[in-house]
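Peer 1: My questions all concern the structure below.
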Amino acid sequence: MLGFLYICGRPFLFSLDPERAHELTLSLAARTGWLARLLAPRSPQVPARLGELELRSPVGLAAGLDKNAVALPVWEALGFGFVEIGTVTPRPQVGNPRPRVHRIKAQRALINAMGFPNEGAEAIGARLERLQASGRWPKIPVGVNLGKNKDTPDAEAASDYAKVAKRLAELSSYLVINVSSPNTPGLRALQAKDELARILAATQAEAQGRPVWIKLSPDLGDEALGEAVEVARAGGAAGLIATNTTITRPVTCPDLRGGFSGHPIYPLSKGRITALLERAGDLPVVGVGGVDSPERARELLAAGCTAVQLYTGLIYQGPILPSRINRGLRKP
Ligand SMILES: Cc1cc2nc3c(=O)[nH]c(=O)nc-3n(C[C@H](O)[C@H](O)[C@H](O)COP(=O)(O)O)c2cc1C
């Protein structure tokens, strides 16, 4: 039923500016979550683990879709096994000028140059506290993806990550250090060994025992992936999430600035994930980037990922995608 409604509504949504369509859908989801729960197909359980956390499905909602946690109770109803909110920065910020999200429809891809628009750690923390008090807190793990404000100098980046961790760790199941979005100038340079180690240590110090993951870019070479693994191990990170959007263009598309995501990114992200798995040993890896079918999810899990996440697939295939993947994963 939900799939049918999405197919009917999609032409209208796709006639709107992508970000406007996104805002409309999220606010609808936030206000009619009970309806989604009623209409969503029953999703089978596919037990999995995210480090020490038990999951009812290895399919998670990737960061950036519900940045401000406005529709948090909806995601489990769609069959997601975990959800990641954010990226959250210490102070609220508006992000880059619009338009900053573009559909590459023929390729089932997106290019985004959002630049971490979000309400900031305090407002998002207050929203999470209200949700907890209301008794509608999701039964699936909720991760918080951490970032730095655009106007924070890179030399002070670690304290930004620590500030968000301090405010939100208690309200989260896990934290993610995001040093891989291409739309905040200088951010990806924080993936370098010393900077990353500093950020990890500062975040761990405020994590209140919550597992801390690190999210990487698909544009890193083998050596950089190896260094990230070293830092993660030495600093006691729970695992690695790969990958974020790419600044490369895996297919011919309009010349727009921003990070590329969706169906055509999969060969790149899978290649980087495989290279990471070879170096990660027993450090868990979450696979993300172009996961939009049961086959792709299965392939990444078979390669050794502990779980997968998706974003762009949901935009093109609608809310039935997670349960479709769960059903596919249940088949022998
Ligand atoms: C519009 C948009 C906004 C995003 N915002 C964030 C973000 O704030 N933080 C983050 O870590 N990743 C962000 N991402 C990256 C996704 O979480 C994911 O890593 C990437 O899109 C690849 O997965 P996909 O091909 O399934 O979309 C964003 C992606 C898109 C398309």
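Following the order of the structure tokens, chains are lettered A, B, ..., residues in each are numbered from 1, and ligands are numbered from 1.
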So that I can check the surroundings of Pro99 of chain A, please list as a count of residues only every protein, DNA and RNA residue that reaches within 9 Å of it, counting only C-alpha atoms and ignoring chain neighbours fewer than 2 positions away.
Peer 2: 9
Peer 1: Report as a PyMOL selection string all protein, DNA and RNA residues lying within 10 Å of Leu216 of chain A, evaluated on only C-alpha atoms, omitting residues in the same chain fewer than 4 positions from it.
Peer 2: chain A and resi 177-181+188+191+220+224-225+228+240-245+272-273+276
Peer 1: Just list as number ranges by chain whatever in segment 6-137 of chain A DSSP marks as strand (DSSP E).
Peer 2: A: 48-50, 53-55, 59-61, 82-88, 101-104, 109-112
Peer 1: Atoms to include: N, CA and C atoms. Write the selected residues as a PDB file, in the first residue's frame.
Peer 2:
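result19.pdb, written as the output of this step:
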ATOM      1  N   ALA A  48      21.222  -9.044  12.849  1.00  0.00           N
ATOM      2  CA  ALA A  48      22.588  -8.636  12.499  1.00  0.00           C
ATOM      3  C   ALA A  48      23.165  -7.898  13.701  1.00  0.00           C
ATOM      4  N   ARG A  49      24.415  -7.464  13.572  1.00  0.00           N
ATOM      5  CA  ARG A  49      25.054  -6.720  14.664  1.00  0.00           C
ATOM      6  C   ARG A  49      25.714  -5.471  14.124  1.00  0.00           C
ATOM      7  N   LEU A  50      25.719  -4.442  14.951  1.00  0.00           N
ATOM      8  CA  LEU A  50      26.476  -3.227  14.652  1.00  0.00           C
ATOM      9  C   LEU A  50      27.416  -3.071  15.838  1.00  0.00           C
ATOM     10  N   LEU A  53      25.895  -3.669  19.297  1.00  0.00           N
ATOM     11  CA  LEU A  53      24.443  -3.491  19.238  1.00  0.00           C
ATOM     12  C   LEU A  53      23.789  -4.588  18.400  1.00  0.00           C
ATOM     13  N   GLU A  54      22.661  -5.105  18.892  1.00  0.00           N
ATOM     14  CA  GLU A  54      21.919  -6.097  18.112  1.00  0.00           C
ATOM     15  C   GLU A  54      20.942  -5.380  17.201  1.00  0.00           C
ATOM     16  N   LEU A  55      20.832  -5.854  15.964  1.00  0.00           N
ATOM     17  CA  LEU A  55      19.939  -5.236  14.979  1.00  0.00           C
ATOM     18  C   LEU A  55      18.872  -6.226  14.545  1.00  0.00           C
ATOM     19  N   VAL A  59      20.043  -3.346   7.523  1.00  0.00           N
ATOM     20  CA  VAL A  59      19.856  -2.214   6.609  1.00  0.00           C
ATOM     21  C   VAL A  59      19.559  -0.947   7.416  1.00  0.00           C
ATOM     22  N   GLY A  60      20.458   0.032   7.327  1.00  0.00           N
ATOM     23  CA  GLY A  60      20.281   1.268   8.095  1.00  0.00           C
ATOM     24  C   GLY A  60      20.004   2.461   7.214  1.00  0.00           C
ATOM     25  N   LEU A  61      19.380   3.483   7.808  1.00  0.00           N
ATOM     26  CA  LEU A  61      19.198   4.758   7.099  1.00  0.00           C
ATOM     27  C   LEU A  61      20.475   5.574   7.264  1.00  0.00           C
ATOM     28  N   PHE A  82      18.490   0.259  11.803  1.00  0.00           N
ATOM     29  CA  PHE A  82      19.104   1.331  12.590  1.00  0.00           C
ATOM     30  C   PHE A  82      19.038   2.615  11.772  1.00  0.00           C
ATOM     31  N   VAL A  83      19.183   3.737  12.459  1.00  0.00           N
ATOM     32  CA  VAL A  83      19.045   5.026  11.780  1.00  0.00           C
ATOM     33  C   VAL A  83      20.119   5.973  12.292  1.00  0.00           C
ATOM     34  N   GLU A  84      20.651   6.764  11.361  1.00  0.00           N
ATOM     35  CA  GLU A  84      21.702   7.718  11.743  1.00  0.00           C
ATOM     36  C   GLU A  84      21.212   9.134  11.453  1.00  0.00           C
ATOM     37  N   ILE A  85      21.094   9.945  12.485  1.00  0.00           N
ATOM     38  CA  ILE A  85      20.680  11.335  12.282  1.00  0.00           C
ATOM     39  C   ILE A  85      21.920  12.213  12.074  1.00  0.00           C
ATOM     40  N   GLY A  86      21.706  13.467  11.662  1.00  0.00           N
ATOM     41  CA  GLY A  86      22.821  14.378  11.421  1.00  0.00           C
ATOM     42  C   GLY A  86      23.167  14.432   9.949  1.00  0.00           C
ATOM     43  N   THR A  87      24.220  15.066   9.619  1.00  0.00           N
ATOM     44  CA  THR A  87      25.297  15.546  10.453  1.00  0.00           C
ATOM     45  C   THR A  87      24.843  16.716  11.335  1.00  0.00           C
ATOM     46  N   VAL A  88      25.200  16.618  12.640  1.00  0.00           N
ATOM     47  CA  VAL A  88      24.901  17.674  13.602  1.00  0.00           C
ATOM     48  C   VAL A  88      26.189  18.433  13.906  1.00  0.00           C
ATOM     49  N   VAL A 101      20.725  20.560  -4.169  1.00  0.00           N
ATOM     50  CA  VAL A 101      20.524  19.116  -4.407  1.00  0.00           C
ATOM     51  C   VAL A 101      19.960  18.958  -5.821  1.00  0.00           C
ATOM     52  N   HIS A 102      20.546  18.058  -6.598  1.00  0.00           N
ATOM     53  CA  HIS A 102      20.120  17.873  -7.983  1.00  0.00           C
ATOM     54  C   HIS A 102      19.893  16.390  -8.250  1.00  0.00           C
ATOM     55  N   ARG A 103      18.772  16.105  -8.922  1.00  0.00           N
ATOM     56  CA  ARG A 103      18.535  14.706  -9.329  1.00  0.00           C
ATOM     57  C   ARG A 103      19.185  14.461 -10.682  1.00  0.00           C
ATOM     58  N   ILE A 104      19.873  13.320 -10.797  1.00  0.00           N
ATOM     59  CA  ILE A 104      20.335  12.847 -12.104  1.00  0.00           C
ATOM     60  C   ILE A 104      19.464  11.622 -12.359  1.00  0.00           C
ATOM     61  N   ALA A 109      20.657   8.882  -9.492  1.00  0.00           N
ATOM     62  CA  ALA A 109      21.738   9.455  -8.670  1.00  0.00           C
ATOM     63  C   ALA A 109      21.354  10.849  -8.182  1.00  0.00           C
ATOM     64  N   LEU A 110      22.114  11.359  -7.234  1.00  0.00           N
ATOM     65  CA  LEU A 110      21.955  12.736  -6.748  1.00  0.00           C
ATOM     66  C   LEU A 110      23.326  13.398  -6.694  1.00  0.00           C
ATOM     67  N   ILE A 111      23.320  14.709  -6.877  1.00  0.00           N
ATOM     68  CA  ILE A 111      24.506  15.498  -6.557  1.00  0.00           C
ATOM     69  C   ILE A 111      24.057  16.501  -5.504  1.00  0.00           C
ATOM     70  N   ASN A 112      24.749  16.510  -4.347  1.00  0.00           N
ATOM     71  CA  ASN A 112      24.337  17.462  -3.320  1.00  0.00           C
ATOM     72  C   ASN A 112      25.528  18.278  -2.836  1.00  0.00           C
TER      73      ASN A 112
END
Peer 1: Write out as a ChimeraX atom specification each polymer residue whose atoms come within 8 Å of Asp219 of chain A, counting only C-alpha atoms; drop sequence neighbours fewer than 5 positions from it.
Peer 2: /A:246-248
Peer 1: Keeping N, CA and C atoms for every residue in the selection just given, could you write it to a file as a CSV table (one decimal), in the first residue's frame?
Peer 2:
chain,number,residue,atom,x,y,z
A,246,THR,N,31.0,10.9,-3.4
A,246,THR,CA,32.3,11.1,-4.1
A,246,THR,C,32.3,12.5,-4.9
A,247,ILE,N,33.5,13.0,-5.0
A,247,ILE,CA,33.6,14.2,-5.8
A,247,ILE,C,34.0,13.8,-7.2
A,248,THR,N,34.2,12.6,-7.5
A,248,THR,CA,34.4,12.1,-8.9
A,248,THR,C,33.0,11.9,-9.5
Peer 1: Can you pull out every residue within 10 Å of segment 64-74 of chain A, counting only C-alpha atoms, but drop anything in the same chain fewer than 6 positions away, and send it as a PyMOL selection string?
Peer 2: chain A and resi 22-23+25-37+40+80+83-88+114+116-121+123-125+127-128+131+136-140+142+144-145+310-312+314-315
Peer 1: Between atom CA of Leu24 of chain A and atom CA of Pro141 of chain A, what is the spacing in Å?
Peer 2: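 The value is 25.1 Å.
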Peer 1: So, counting only C-alpha atoms and all ligand atoms, which residue among A:Val229, A:Leu268, A:Ala234, A:Cys253 is closest to ligand 1?
Peer 2: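 Ranked by minimum distance to ligand 1, first place goes to A:Leu268.
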